[in-house]
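Student: Contents of work_27.txt (compact mmCIF, C-alpha atoms and all ligand atoms):
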```
# COMPACT_ATOMS: atom_id res chain seq x y z
CA MET A 230 15.99 -26.04 -96.01
CA ARG A 231 19.27 -25.42 -97.85
CA PHE A 232 21.66 -28.33 -98.50
CA ARG A 233 25.26 -27.20 -98.11
CA VAL A 234 27.95 -29.10 -100.02
CA SER A 235 30.74 -26.83 -98.86
CA GLY A 236 31.35 -25.49 -95.40
CA ARG A 237 33.71 -25.50 -92.45
CA HIS A 238 35.13 -28.97 -93.36
CA ASP A 239 35.95 -28.09 -96.98
CA SER A 240 39.70 -28.77 -96.61
CA LEU A 241 39.11 -32.22 -95.19
CA LEU A 242 36.68 -33.03 -97.96
CA LEU A 243 39.12 -31.82 -100.64
CA ALA A 244 42.00 -33.81 -99.14
CA GLY A 245 39.83 -36.93 -99.12
CA PHE A 246 38.73 -36.21 -102.67
CA ALA A 247 42.39 -35.78 -103.81
CA PHE A 248 43.39 -38.96 -102.07
CA ALA A 249 40.55 -40.87 -103.77
CA LEU A 250 41.63 -39.46 -107.16
CA LEU A 251 45.19 -40.57 -106.44
CA LEU A 252 43.96 -44.08 -105.79
CA VAL A 253 41.75 -44.13 -108.90
CA PHE A 254 44.38 -42.70 -111.22
CA GLN A 255 47.34 -44.34 -109.51
CA ARG A 256 48.52 -46.14 -112.67
CA SER A 257 48.04 -43.14 -114.96
CA LEU A 258 49.95 -40.94 -112.57
CA GLN A 259 52.76 -43.46 -112.29
CA TYR A 260 52.87 -43.46 -116.09
CA LEU A 261 53.05 -39.62 -116.21
CA LEU A 262 55.73 -39.62 -113.50
CA ASN A 263 57.82 -42.05 -115.56
CA ILE A 264 57.51 -39.81 -118.62
CA ALA A 265 58.58 -36.80 -116.49
CA THR A 266 61.56 -38.74 -115.11
CA ASP A 267 62.56 -39.67 -118.69
CA ILE A 268 62.37 -35.99 -119.74
CA GLU A 269 64.43 -34.97 -116.69
CA ARG A 270 67.05 -37.55 -117.55
CA THR A 271 67.07 -36.75 -121.26
CA TYR A 272 67.24 -32.95 -120.91
CA GLY A 273 68.85 -32.62 -117.46
CA VAL A 274 66.01 -30.51 -115.92
CA ALA A 275 64.23 -30.74 -112.52
CA LEU A 276 60.63 -31.06 -113.76
CA VAL A 277 59.02 -32.89 -110.80
CA PRO A 278 60.21 -30.51 -108.02
CA ALA A 279 59.09 -27.54 -110.13
CA LEU A 280 55.66 -29.11 -110.61
CA LEU A 281 55.48 -29.75 -106.86
CA VAL A 282 56.35 -26.12 -106.04
CA LEU A 283 53.75 -24.87 -108.55
CA SER A 284 51.06 -27.13 -107.06
CA VAL A 285 51.78 -25.95 -103.50
CA MET A 286 51.73 -22.32 -104.64
CA PHE A 287 48.41 -22.91 -106.40
CA VAL A 288 46.86 -24.37 -103.24
CA PHE A 289 48.14 -21.43 -101.18
CA HIS A 290 46.76 -18.97 -103.70
CA LEU A 291 43.32 -20.63 -103.58
CA HIS A 292 43.33 -20.52 -99.80
CA ALA A 293 44.31 -16.82 -99.66
CA ASN A 294 41.56 -16.00 -102.17
CA ARG A 295 38.99 -17.79 -100.07
CA ARG A 296 40.04 -15.90 -96.92
CA GLU A 297 39.82 -12.59 -98.72
CA MET A 298 36.34 -13.40 -100.00
CA ARG A 299 35.19 -14.44 -96.53
CA ALA A 300 36.48 -11.16 -95.03
CA GLU A 301 34.70 -9.16 -97.74
CA ALA A 302 31.44 -11.06 -97.13
CA ALA A 303 31.71 -10.41 -93.35
CA ALA A 304 32.33 -6.68 -93.96
CA ALA A 305 29.35 -6.50 -96.34
CA ALA A 306 27.11 -8.24 -93.78
CA ALA A 307 28.23 -5.80 -91.04
CA GLU A 308 27.53 -2.86 -93.37
CA ALA A 309 24.07 -4.24 -94.18
CA ARG A 310 23.35 -4.66 -90.46
CA LEU A 311 24.40 -1.06 -89.79
CA ALA A 312 22.29 0.19 -92.71
CA ARG A 313 19.27 -1.73 -91.39
CA ALA A 314 19.76 -0.29 -87.88
CA GLN A 315 20.11 3.24 -89.30
CA ALA A 316 16.99 2.80 -91.43
CA ALA A 317 15.04 1.62 -88.35
CA GLU A 318 16.36 4.60 -86.34
CA LEU A 319 15.39 6.98 -89.13
CA ALA A 320 11.91 5.45 -89.29
CA GLU A 321 11.51 5.91 -85.51
CA LEU A 322 12.72 9.50 -85.75
CA MET A 323 10.26 10.16 -88.58
CA THR A 324 7.38 8.71 -86.55
CA PHE A 325 8.44 10.89 -83.61
CA GLY A 326 8.71 13.95 -85.89
CA GLN A 327 5.20 13.31 -87.25
CA ALA A 328 3.78 12.91 -83.73
CA LEU A 329 5.46 16.18 -82.71
CA SER A 330 4.19 18.04 -85.76
CA ARG A 331 0.62 16.99 -84.86
CA ALA A 332 1.05 18.29 -81.30
CA LEU A 333 -0.47 21.76 -81.04
CA THR A 334 -0.70 21.93 -77.25
CA VAL A 335 1.86 21.38 -74.49
CA ASP A 336 -0.09 18.34 -73.26
CA ALA A 337 -0.07 16.73 -76.72
CA LEU A 338 3.65 17.43 -77.00
CA HIS A 339 4.30 15.83 -73.60
CA GLU A 340 2.33 12.78 -74.74
CA ALA A 341 4.38 12.45 -77.95
CA VAL A 342 7.68 12.74 -76.04
CA TRP A 343 6.51 10.26 -73.39
CA ARG A 344 5.53 7.73 -76.04
CA HIS A 345 8.47 7.96 -78.43
CA LEU A 346 11.63 9.13 -76.67
CA PRO A 347 12.16 5.98 -74.54
CA ILE A 348 11.92 3.90 -77.75
CA LEU A 349 14.62 6.02 -79.39
CA ALA A 350 16.76 5.67 -76.26
CA LYS A 351 16.70 1.87 -76.83
CA GLY A 352 16.00 0.83 -73.27
CA THR A 353 18.58 3.19 -71.78
CA ASP A 354 17.64 5.02 -68.56
CA ILE A 355 16.11 8.28 -69.76
CA TRP A 356 14.11 11.09 -68.20
CA VAL A 357 12.62 14.28 -69.57
CA LEU A 358 11.68 17.47 -67.71
CA LEU A 359 9.98 20.36 -69.48
CA ARG A 360 9.37 23.78 -68.02
CA ARG A 361 5.75 24.91 -67.69
CA GLU A 362 4.90 28.24 -66.07
CA GLY A 363 8.27 28.37 -64.31
CA GLU A 364 8.04 24.82 -62.87
CA TRP A 365 9.70 21.58 -63.99
CA GLU A 366 7.17 19.05 -65.18
CA ARG A 367 8.07 15.37 -65.54
CA VAL A 368 7.19 14.08 -68.98
CA THR A 369 8.49 10.58 -68.23
CA ASP A 370 8.33 8.90 -64.80
CA ARG A 371 5.26 11.01 -64.02
CA GLY A 372 4.39 8.88 -61.02
CA HIS A 373 7.86 9.42 -59.49
CA ALA A 374 8.24 5.65 -59.42
CA ARG A 375 11.78 5.47 -60.78
CA TRP A 376 13.32 8.65 -59.35
CA ARG A 377 12.40 10.37 -56.09
CA SER A 378 10.45 13.65 -56.16
CA GLY A 379 12.80 16.57 -56.52
CA GLU A 380 15.81 14.43 -57.52
CA LEU A 381 15.69 15.14 -61.25
CA GLU A 382 14.36 18.66 -60.69
CA ALA A 383 17.45 19.46 -58.59
CA ILE A 384 19.71 18.27 -61.43
CA ALA A 385 17.76 20.40 -63.91
CA ASP A 386 18.02 23.45 -61.63
CA ARG A 387 21.79 22.98 -61.38
CA ILE A 388 22.12 22.65 -65.16
CA VAL A 389 20.14 25.77 -66.03
CA ARG A 390 22.32 27.81 -63.66
CA LEU A 391 25.40 27.01 -65.79
CA PRO A 392 26.80 29.80 -68.00
CA SER A 393 24.61 30.45 -71.04
CA GLU A 394 27.48 29.68 -73.50
CA ARG A 395 27.73 26.18 -72.03
CA LEU A 396 23.98 25.64 -72.41
CA ALA A 397 23.94 26.98 -75.95
CA SER A 398 26.87 24.78 -77.06
CA GLY A 399 24.54 21.81 -77.60
CA ASP A 400 27.02 19.45 -75.90
CA ALA A 401 25.74 16.94 -73.36
CA ILE A 402 26.55 17.96 -69.78
CA PRO A 403 27.54 15.19 -67.32
CA CYS A 404 25.69 15.48 -64.01
CA ASP A 405 25.01 12.89 -61.25
CA GLY A 406 25.54 9.89 -63.54
CA PHE A 407 23.52 11.30 -66.43
CA MET A 408 24.46 12.93 -69.68
CA CYS A 409 22.10 15.90 -69.71
CA HIS A 410 20.92 17.53 -72.93
CA VAL A 411 19.38 20.99 -72.76
CA ILE A 412 16.32 21.78 -74.90
CA THR A 413 16.44 25.46 -75.76
CA VAL A 414 13.60 27.52 -77.15
CA GLY A 415 14.37 31.01 -78.36
CA GLY A 416 17.76 30.84 -76.61
CA ALA A 417 16.29 29.96 -73.18
CA PRO A 418 16.43 26.50 -71.58
CA ALA A 419 12.96 24.96 -71.83
CA GLY A 420 13.71 21.36 -70.89
CA ILE A 421 16.35 18.85 -69.82
CA VAL A 422 16.75 15.28 -71.06
CA GLY A 423 19.00 12.98 -69.03
CA ILE A 424 20.31 9.62 -70.23
CA GLY A 425 22.31 7.09 -68.19
CA GLU A 426 25.97 8.11 -68.53
CA HIS A 427 27.44 4.61 -68.63
CA HIS A 428 24.70 2.54 -70.21
CA ALA A 429 23.75 4.48 -73.32
CA SER A 430 25.03 3.09 -76.62
CA GLU A 431 26.50 5.39 -79.24
CA GLU A 432 23.39 4.93 -81.43
CA ALA A 433 21.04 5.71 -78.54
CA ARG A 434 22.91 8.93 -77.77
CA ARG A 435 22.87 9.96 -81.43
CA ALA A 436 19.13 9.26 -81.78
CA VAL A 437 18.30 11.11 -78.54
CA GLY A 438 20.46 14.07 -79.65
CA THR A 439 18.49 14.37 -82.91
CA ALA A 440 15.17 13.85 -81.10
CA ILE A 441 15.98 16.69 -78.68
CA THR A 442 16.47 19.11 -81.57
CA LEU A 443 13.03 18.09 -82.88
CA VAL A 444 11.45 18.61 -79.44
CA GLY A 445 12.94 22.14 -79.28
CA ILE A 446 11.39 23.01 -82.65
CA ALA A 447 8.04 21.46 -81.66
CA LEU A 448 7.98 23.38 -78.36
CA ARG A 449 8.53 26.64 -80.22
CA ASN A 450 5.70 25.72 -82.62
CA VAL A 451 3.36 25.03 -79.71
CA GLN A 452 4.23 28.40 -78.18
CA LEU A 453 3.69 30.22 -81.49
CA PHE A 454 0.40 28.41 -82.05
CA ALA A 455 -0.80 29.36 -78.56
CA GLU A 456 0.20 33.00 -79.16
CA VAL A 457 -1.57 33.13 -82.53
CA ARG A 458 -4.68 31.47 -81.06
CA ALA A 459 -4.72 33.82 -78.07
CA THR A 460 -4.42 36.83 -80.38
CA ALA A 461 -7.22 35.55 -82.62
CA LEU A 462 -9.54 35.02 -79.65
CA ARG A 463 -8.93 38.34 -77.97
CA ASP A 464 -10.15 41.86 -78.50
CA GLU A 465 -7.06 43.98 -79.04
CA LEU A 466 -8.30 47.14 -77.31
CA THR A 467 -9.49 45.64 -74.01
CA GLY A 468 -7.44 42.40 -73.87
CA CYS A 469 -10.69 40.52 -73.14
CA PHE A 470 -11.89 37.56 -75.23
CA ASN A 471 -14.04 38.37 -78.27
CA ARG A 472 -17.75 37.66 -78.74
CA ALA A 473 -17.28 34.49 -80.85
CA HIS A 474 -15.06 32.93 -78.22
CA ALA A 475 -17.46 34.01 -75.48
CA LEU A 476 -20.39 32.17 -77.09
CA GLU A 477 -18.28 29.10 -77.84
CA SER A 478 -17.05 28.98 -74.24
CA LEU A 479 -20.57 29.54 -72.92
CA GLU A 480 -21.84 26.50 -74.88
CA ALA A 481 -18.97 24.43 -73.45
CA GLU A 482 -19.68 25.67 -69.90
CA LEU A 483 -23.40 24.91 -70.30
CA THR A 484 -22.59 21.34 -71.37
CA ARG A 485 -20.29 20.96 -68.37
CA SER A 486 -22.87 22.44 -66.04
CA ARG A 487 -25.52 20.00 -67.36
CA ARG A 488 -23.15 17.08 -66.81
CA THR A 489 -21.95 18.05 -63.34
CA ASN A 490 -25.05 19.91 -62.13
CA ALA A 491 -22.76 22.82 -61.20
CA PRO A 492 -24.41 26.28 -61.28
CA LEU A 493 -23.39 28.76 -63.98
CA SER A 494 -24.13 32.50 -64.15
CA VAL A 495 -23.41 35.26 -66.62
CA ILE A 496 -23.03 39.01 -66.18
CA MET A 497 -23.77 41.56 -68.90
CA LEU A 498 -22.10 44.90 -68.17
CA ASP A 499 -22.47 48.14 -70.12
CA ILE A 500 -20.83 51.54 -69.62
CA ASP A 501 -23.32 54.27 -68.83
CA HIS A 502 -23.67 57.16 -71.30
CA PHE A 503 -20.65 56.07 -73.22
CA LYS A 504 -21.79 57.96 -76.32
CA ARG A 505 -21.64 61.12 -74.25
CA ILE A 506 -18.06 60.32 -73.16
CA ASN A 507 -17.10 59.88 -76.79
CA ASP A 508 -18.85 63.06 -77.80
CA GLU A 509 -17.40 65.19 -75.02
CA HIS A 510 -13.80 63.88 -74.95
CA GLY A 511 -13.30 62.27 -78.33
CA HIS A 512 -13.26 58.73 -79.63
CA LEU A 513 -9.63 58.12 -78.61
CA PHE A 514 -10.43 59.00 -75.03
CA GLY A 515 -13.43 56.64 -75.27
CA ASP A 516 -10.99 53.94 -76.36
CA GLN A 517 -8.87 54.60 -73.27
CA VAL A 518 -11.95 54.16 -71.07
CA LEU A 519 -12.75 50.83 -72.74
CA ALA A 520 -9.12 49.67 -72.35
CA ALA A 521 -9.06 50.71 -68.66
CA ILE A 522 -12.28 48.82 -67.92
CA GLY A 523 -11.02 45.71 -69.78
CA HIS A 524 -7.77 45.88 -67.81
CA ARG A 525 -9.58 46.30 -64.50
CA LEU A 526 -11.89 43.34 -65.26
CA ARG A 527 -8.85 41.15 -65.88
CA GLN A 528 -7.37 42.31 -62.57
CA VAL A 529 -10.33 41.86 -60.29
CA LEU A 530 -12.04 38.66 -61.46
CA ARG A 531 -11.06 35.03 -60.75
CA ARG A 532 -8.86 33.29 -63.32
CA SER A 533 -11.66 30.85 -64.06
CA ASP A 534 -14.10 33.68 -64.90
CA LEU A 535 -14.14 34.43 -68.62
CA ARG A 536 -14.12 38.13 -69.54
CA CYS A 537 -15.31 39.04 -73.03
CA ARG A 538 -16.01 42.23 -74.92
CA TYR A 539 -19.44 41.43 -76.32
CA GLY A 540 -19.58 44.51 -78.56
CA GLY A 541 -19.24 48.33 -78.35
CA ASP A 542 -19.16 49.20 -74.65
CA GLU A 543 -20.76 45.92 -73.54
CA PHE A 544 -18.90 43.14 -71.67
CA LEU A 545 -20.06 39.56 -71.02
CA ILE A 546 -18.56 37.71 -68.05
CA LEU A 547 -19.02 33.97 -67.53
CA LEU A 548 -18.98 32.81 -63.92
CA PRO A 549 -18.62 29.00 -63.81
CA GLU A 550 -19.74 27.23 -60.64
CA THR A 551 -21.46 30.38 -59.39
CA PRO A 552 -25.13 30.39 -58.25
CA ALA A 553 -27.44 33.43 -58.59
CA ALA A 554 -26.64 34.88 -55.16
CA GLY A 555 -22.89 34.61 -55.75
CA ALA A 556 -23.20 36.17 -59.22
CA HIS A 557 -25.22 39.05 -57.77
CA HIS A 558 -22.54 39.61 -55.18
CA VAL A 559 -19.81 39.64 -57.87
CA ALA A 560 -21.89 42.06 -59.97
CA GLU A 561 -22.34 44.52 -57.09
CA TRP A 562 -18.67 44.32 -56.26
CA LEU A 563 -17.70 44.88 -59.91
CA ARG A 564 -20.02 47.88 -60.14
CA SER A 565 -18.42 49.52 -57.11
CA GLU A 566 -14.86 48.56 -58.20
CA LEU A 567 -15.25 49.96 -61.72
CA GLY A 568 -17.32 52.95 -60.65
CA GLY A 569 -14.82 53.83 -57.93
CA GLU A 570 -11.95 54.35 -60.28
CA ASP A 571 -10.94 57.41 -62.28
CA VAL A 572 -9.85 57.14 -65.88
CA SER A 573 -7.37 59.84 -66.90
CA ALA A 574 -5.88 60.66 -70.27
CA ASP A 575 -4.55 63.84 -71.88
CA GLY A 576 -5.39 65.92 -68.81
CA VAL A 577 -9.02 64.72 -68.69
CA THR A 578 -10.27 62.66 -65.76
CA ILE A 579 -13.68 61.00 -65.56
CA ARG A 580 -15.26 58.33 -63.38
CA PRO A 581 -17.50 56.18 -65.63
CA SER A 582 -20.26 54.11 -64.06
CA VAL A 583 -21.59 50.78 -65.30
CA SER A 584 -24.97 49.04 -65.32
CA ILE A 585 -25.13 45.28 -64.90
CA GLY A 586 -27.60 42.48 -65.68
CA VAL A 587 -27.18 39.03 -64.12
CA ALA A 588 -28.70 35.69 -65.21
CA THR A 589 -28.21 32.16 -63.92
CA CYS A 590 -28.45 28.99 -65.97
CA GLN A 591 -31.71 26.99 -65.81
CA PRO A 592 -32.17 23.36 -66.84
CA GLY A 593 -32.28 23.08 -70.64
CA ASP A 594 -30.87 26.60 -71.18
CA ARG A 595 -29.14 27.43 -74.46
CA ALA A 596 -26.38 30.05 -74.67
CA GLU A 597 -28.55 32.58 -76.53
CA ALA A 598 -31.40 32.27 -74.01
CA LEU A 599 -29.09 32.82 -71.05
CA VAL A 600 -27.39 35.83 -72.67
CA ASP A 601 -30.79 37.19 -73.64
CA ARG A 602 -31.99 37.06 -69.99
CA ALA A 603 -28.81 38.83 -68.82
CA ASP A 604 -29.33 41.45 -71.55
CA ARG A 605 -32.92 42.06 -70.44
CA ALA A 606 -31.75 42.43 -66.84
CA LEU A 607 -29.17 44.95 -68.08
CA TYR A 608 -31.87 46.96 -69.85
CA ALA A 609 -33.87 46.89 -66.62
CA ALA A 610 -30.83 48.33 -64.82
CA LYS A 611 -30.56 51.07 -67.43
CA ALA A 612 -34.29 51.79 -67.09
CA ALA A 613 -33.92 51.95 -63.32
CA GLY A 614 -31.55 54.91 -63.69
CA ARG A 615 -28.17 53.20 -64.48
CA ASN A 616 -25.20 52.52 -62.15
CA CYS A 617 -27.05 49.55 -60.64
CA VAL A 618 -27.47 45.76 -60.85
CA ARG A 619 -30.54 43.78 -61.87
CA VAL A 620 -30.94 40.01 -61.68
CA ALA A 621 -33.08 38.02 -64.12
CA PHE A 622 -35.50 35.48 -62.66
CA SER A 623 -35.51 32.00 -64.20
CA ALA A 624 -38.68 32.80 -66.19
CA PRO A 625 -37.28 34.41 -69.37
CA ARG A 626 -39.11 37.73 -69.23
CA ALA A 627 -39.14 38.45 -65.53
CA VAL A 628 -36.53 40.81 -64.13
CA VAL A 629 -36.46 41.81 -60.48
CA PRO A 630 -34.60 44.49 -58.60
CA ALA A 631 -31.45 43.21 -56.96
CA ALA A 632 -32.96 43.70 -53.54
CA VAL A 633 -35.52 40.94 -54.21
CA VAL A 634 -32.79 38.38 -54.73
CA ASN A 635 -31.10 39.40 -51.53
CA ARG A 636 -34.09 38.54 -49.40
P1 LIG A 701 -26.30 53.72 -72.14
O1 LIG A 701 -26.02 54.27 -70.83
O2 LIG A 701 -27.73 53.53 -72.42
O3 LIG A 701 -25.53 52.45 -72.42
O4 LIG A 701 -25.82 54.79 -73.15
P2 LIG A 701 -24.62 54.73 -74.12
O5 LIG A 701 -24.32 56.10 -74.57
O6 LIG A 701 -23.48 54.00 -73.53
O7 LIG A 701 -25.27 53.91 -75.29
P3 LIG A 701 -24.69 52.68 -76.00
O8 LIG A 701 -24.22 51.70 -74.99
O9 LIG A 701 -25.73 52.20 -76.96
O10 LIG A 701 -23.46 53.32 -76.77
C1 LIG A 701 -22.39 52.61 -77.19
C2 LIG A 701 -21.47 53.56 -77.87
O11 LIG A 701 -20.17 53.06 -77.82
C3 LIG A 701 -21.77 53.78 -79.31
C4 LIG A 701 -20.48 53.78 -80.02
O12 LIG A 701 -20.21 54.98 -80.65
C5 LIG A 701 -19.48 53.57 -78.94
N1 LIG A 701 -18.45 52.63 -79.31
C6 LIG A 701 -18.59 51.37 -79.76
N2 LIG A 701 -17.39 50.78 -79.96
C7 LIG A 701 -16.46 51.72 -79.62
C8 LIG A 701 -15.02 51.73 -79.61
O13 LIG A 701 -14.34 50.74 -79.94
N3 LIG A 701 -14.39 52.85 -79.19
C9 LIG A 701 -15.10 53.94 -78.81
N4 LIG A 701 -14.43 55.01 -78.41
N5 LIG A 701 -16.44 53.97 -78.83
C10 LIG A 701 -17.12 52.89 -79.22
MG MG A 702 -23.50 52.05 -72.89
```
Show how you would write the structure in this file as structure tokens.
Tutor:
Amino acid sequence: MRFRVSGRHDSLLLAGFAFALLLVFQRSLQYLLNIATDIERTYGVALVPALLVLSVMFVFHLHANRREMRAEAAAAAAEARLARAQAAELAELMTFGQALSRALTVDALHEAVWRHLPILAKGTDIWVLLRREGEWERVTDRGHARWRSGELEAIADRIVRLPSERLASGDAIPCDGFMCHVITVGGAPAGIVGIGEHHASEEARRAVGTAITLVGIALRNVQLFAEVRATALRDELTGCFNRAHALESLEAELTRSRRTNAPLSVIMLDIDHFKRINDEHGHLFGDQVLAAIGHRLRQVLRRSDLRCRYGGDEFLILLPETPAAGAHHVAEWLRSELGGEDVSADGVTIRPSVSIGVATCQPGDRAEALVDRADRALYAAKAAGRNCVRVAFSAPRAVVPAAVVNR
């Protein structure tokens, strides 16, 4: 605990102290006053009034100095408070920036925004909508507990319809009691952040403004990362996934199937006499056939089915949650779809056929074993004269004609 000698009652204390001194040195002062009066009389000067004026001036001067020092101390304290607040804001922004830089997926980015932006907004009403596949997605108030469904989305729709120069200006746009900030990515609006128009402090608005710029950069990074990843996983010619991704996904699907007991089948598909097509019409034409089949596979299969170019003219298709009978049905349908379509290039038209092997996951299956069974079924289809489907039985080496499975 600090003991304070001086404080708010300084003047009173000083006056008391002066009075006490007067009492103590009463005689000495009287003696000095007599001397001064003698001097005044002898030399005809006004010494006592002058001394009085000087004393009063001195007291005034001291008082003014004290006031000035107090004002300076108050200003320094206010400056220190501001500096502390700015340092805290900067630290929060840095934490947010780090969280955003670690976010490589849209979900991770949403999580970072949900966690940090309300803190930066300092308790002000704030909401964030980000666009995903053409729809507004609530990043905050996900349960629609604070704002009714469609309420914020309608505001966001109105904002993005404003002229593009207004959106690009970076200025907050007032709308329905909110100051709305637009997050733009590559010049297009990718999100809207709204903060309470009347409640937000100047610091909160500044912090949110900076945070929004960071979110825009992070969103772009997520998009670029997704594009790079998609390119790395895909086969350029056919647009299907590559073999490495196929095997990785198959392991993941097998784990899921084991956990949920859901069936899982795979299809191995190979173009018939592809060497001959290459030989007769050239390698470039062969490429066009591969590209056409890859394109068709992407068109006709479910979104959840994974289409991969396994190598050369061979495609592996993963069919999650599909039992043997369903996979056989898909295989037959694929065979007729692909075989029923002409491929034309440079004045040449052919109708390539495909052979297909089907295998369904058994308890304890590994990815290689399942693919191996599908491959054997495919060879059986080739041996049976091509342009047909064969289904592998659960026992690794047994392959039966498709008709057996149908029974
Ligand atoms: P089968 O009916 O037994 O499958 O006969 P096939 O002639 O199709 O034999 P196979 O599947 O073994 O032949 C694959 C051929 O595909 C061999 C190779 O020259 C060709 N090939 C592999 N990759 C490419 C490619 O990227 N472009 C082209 N044009 N041809 C390729
Ligand atoms: Mg082939």
Student: Could you please extract the residues within 7 Å of ligand LIG 701 (chain A), counting all atoms listed in the file, and hand them back as a compact mmCIF listing (two decimals) with C-alpha atoms, in the coordinates of the input?
Tutor:
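That gives us selection-v2.txt:
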```txt
# COMPACT_ATOMS: atom_id res chain seq x y z
CA ASP A 499 -22.47 48.14 -70.12
CA ILE A 500 -20.83 51.54 -69.62
CA ASP A 501 -23.32 54.27 -68.83
CA HIS A 502 -23.67 57.16 -71.30
CA PHE A 503 -20.65 56.07 -73.22
CA LYS A 504 -21.79 57.96 -76.32
CA ARG A 505 -21.64 61.12 -74.25
CA ASN A 507 -17.10 59.88 -76.79
CA HIS A 512 -13.26 58.73 -79.63
CA LEU A 513 -9.63 58.12 -78.61
CA PHE A 514 -10.43 59.00 -75.03
CA GLY A 515 -13.43 56.64 -75.27
CA ASP A 516 -10.99 53.94 -76.36
CA LEU A 519 -12.75 50.83 -72.74
CA GLY A 540 -19.58 44.51 -78.56
CA GLY A 541 -19.24 48.33 -78.35
CA ASP A 542 -19.16 49.20 -74.65
CA GLU A 543 -20.76 45.92 -73.54
CA LYS A 611 -30.56 51.07 -67.43
CA ARG A 615 -28.17 53.20 -64.48
```
Student: Using only C-alpha atoms, find the one residue out of A:Ala473, A:Arg527, A:Ala417, A:Phe325 that sits nearest to Thr439 (chain A).
Tutor: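 Ranking A:Ala473, A:Arg527, A:Ala417, A:Phe325 by distance to Thr439 (chain A), first place goes to A:Phe325.
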Student: Restricting the calculation to only C-alpha atoms and all ligand atoms: of A:Ile441, A:Met497, A:Ala320, A:Val282, which residue gets closest to ligand MG 702 (chain A)?
Tutor: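 Distance minimum relative to ligand MG 702 (chain A) lands on A:Met497.
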Student: Between CA of Gly363 (chain A) and CA of Phe454 (chain A), what is the distance in Å, rounded to a tenth?
Tutor: 19.4 Å
Student: Grab the CA of Tyr608 (chain A) to CA of Gln591 (chain A) distance for me, in Å with one decimal place.
Tutor: 20.4 Å
Student: Could you give me the centre and size, in Å to one decimal, of an axis-aligned box around all listed atoms of region 500-508 of chain A with 4 Å added on every side, as JSON?
Tutor:
```
{"center_x": -20.4, "center_y": 57.3, "center_z": -73.3, "size_x": 14.6, "size_y": 19.5, "size_z": 17.0}
```
Student: Which distance in Å separates CA of Ala461 (chain A) and CA of Glu340 (chain A), to one decimal?
Tutor: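 CA of Glu340 (chain A) lies 25.9 Å from CA of Ala461 (chain A).
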Student: Hey, which of A:His410, A:Arg595, A:His474, A:Arg564 ends up closest to Ser582 (chain A)? Count only C-alpha atoms.
Tutor: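 When distances to Ser582 (chain A) are compared using only C-alpha atoms, the smallest one comes from A:Arg564.
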Student: With only C-alpha atoms as the counted atoms, please give the residues lying no more than 6 Å from Glu550 (chain A), apart from itself and same-chain residues fewer than 6 positions off, as JSON, numbers by chain.
Tutor: {"A": [491, 492, 493]}
Student: Calculated over only C-alpha atoms and all ligand atoms, which of the candidates A:Ala455, A:Val583, A:Ala598, A:Ala306 has the smallest distance to ligand MG 702 (chain A)?
Tutor: A:Val583
Student: Give the answer as one residue: which of A:Ser533, A:Asn471, A:Ser584, A:Thr589 has the shortest atom-to-atom distance to ligand MG 702 (chain A), using only C-alpha atoms and all ligand atoms?
Tutor: A:Ser584
Student: Could you tell me, as a VMD selection string, which residues have any atom at most 6 Å from (-28.7, 38.5, -60.6), counting all atoms listed in the file?
Tutor: chain A and resid 553 557 587 to 588 619 to 621
Student: Go through A:Val451, A:Pro592, A:Ile348, A:Val518 one by one, measure the shortest atom-to-atom distance of each to ligand MG 702 (chain A) using all atoms listed in the file, and give the residue with the smallest value.
Tutor: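 Among the listed residues, the smallest separation from ligand MG 702 (chain A) belongs to A:Val518.
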Student: Write out as a PyMOL selection string each polymer residue whose atoms come within 12 Å of region 288-297 of chain A, counting all atoms listed in the file; drop sequence neighbours fewer than 4 positions from it.
Tutor: chain A and resi 236+239-240+243-244+281-284+301-304
Student: For those residues, write C-alpha atoms to a file as a compact mmCIF listing (two decimals), keeping the file's coordinate frame.
Tutor:
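Saved to part.txt:
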```txt
# COMPACT_ATOMS: atom_id res chain seq x y z
CA GLY A 236 31.35 -25.49 -95.40
CA ASP A 239 35.95 -28.09 -96.98
CA SER A 240 39.70 -28.77 -96.61
CA LEU A 243 39.12 -31.82 -100.64
CA ALA A 244 42.00 -33.81 -99.14
CA LEU A 281 55.48 -29.75 -106.86
CA VAL A 282 56.35 -26.12 -106.04
CA LEU A 283 53.75 -24.87 -108.55
CA SER A 284 51.06 -27.13 -107.06
CA GLU A 301 34.70 -9.16 -97.74
CA ALA A 302 31.44 -11.06 -97.13
CA ALA A 303 31.71 -10.41 -93.35
CA ALA A 304 32.33 -6.68 -93.96
```
Student: Tell me which protein, DNA and RNA residues are within 12 Å of Arg463 (chain A), counting all atoms listed in the file, leaving out same-chain ones fewer than 3 positions away, and put them as a list of chain:residue names.
Tutor: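 These residues fall inside the cut-off: A:Glu456, A:Val457, A:Arg458, A:Ala459, A:Thr460, A:Leu466, A:Thr467, A:Gly468, A:Cys469, A:Phe470, A:Asn471, A:Arg472, A:Ala473, A:His474, A:Ala475, A:Gly523, A:Leu535, A:Arg536, A:Cys537, A:Arg538, A:Tyr539.
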Student: Would you mind listing what lies within 10 Å of region 386-398 of chain A as a list in words, with all atoms listed in the file counted and same-chain residues fewer than 6 positions away left out?
Tutor: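 Once the adjacent positions are removed, what remains is Trp365, Cys404, Cys409, His410, Val411, Ile412, Thr413, Gly416, Ala417, Pro418, Ala419, Gly420 and Ile421 of chain A.
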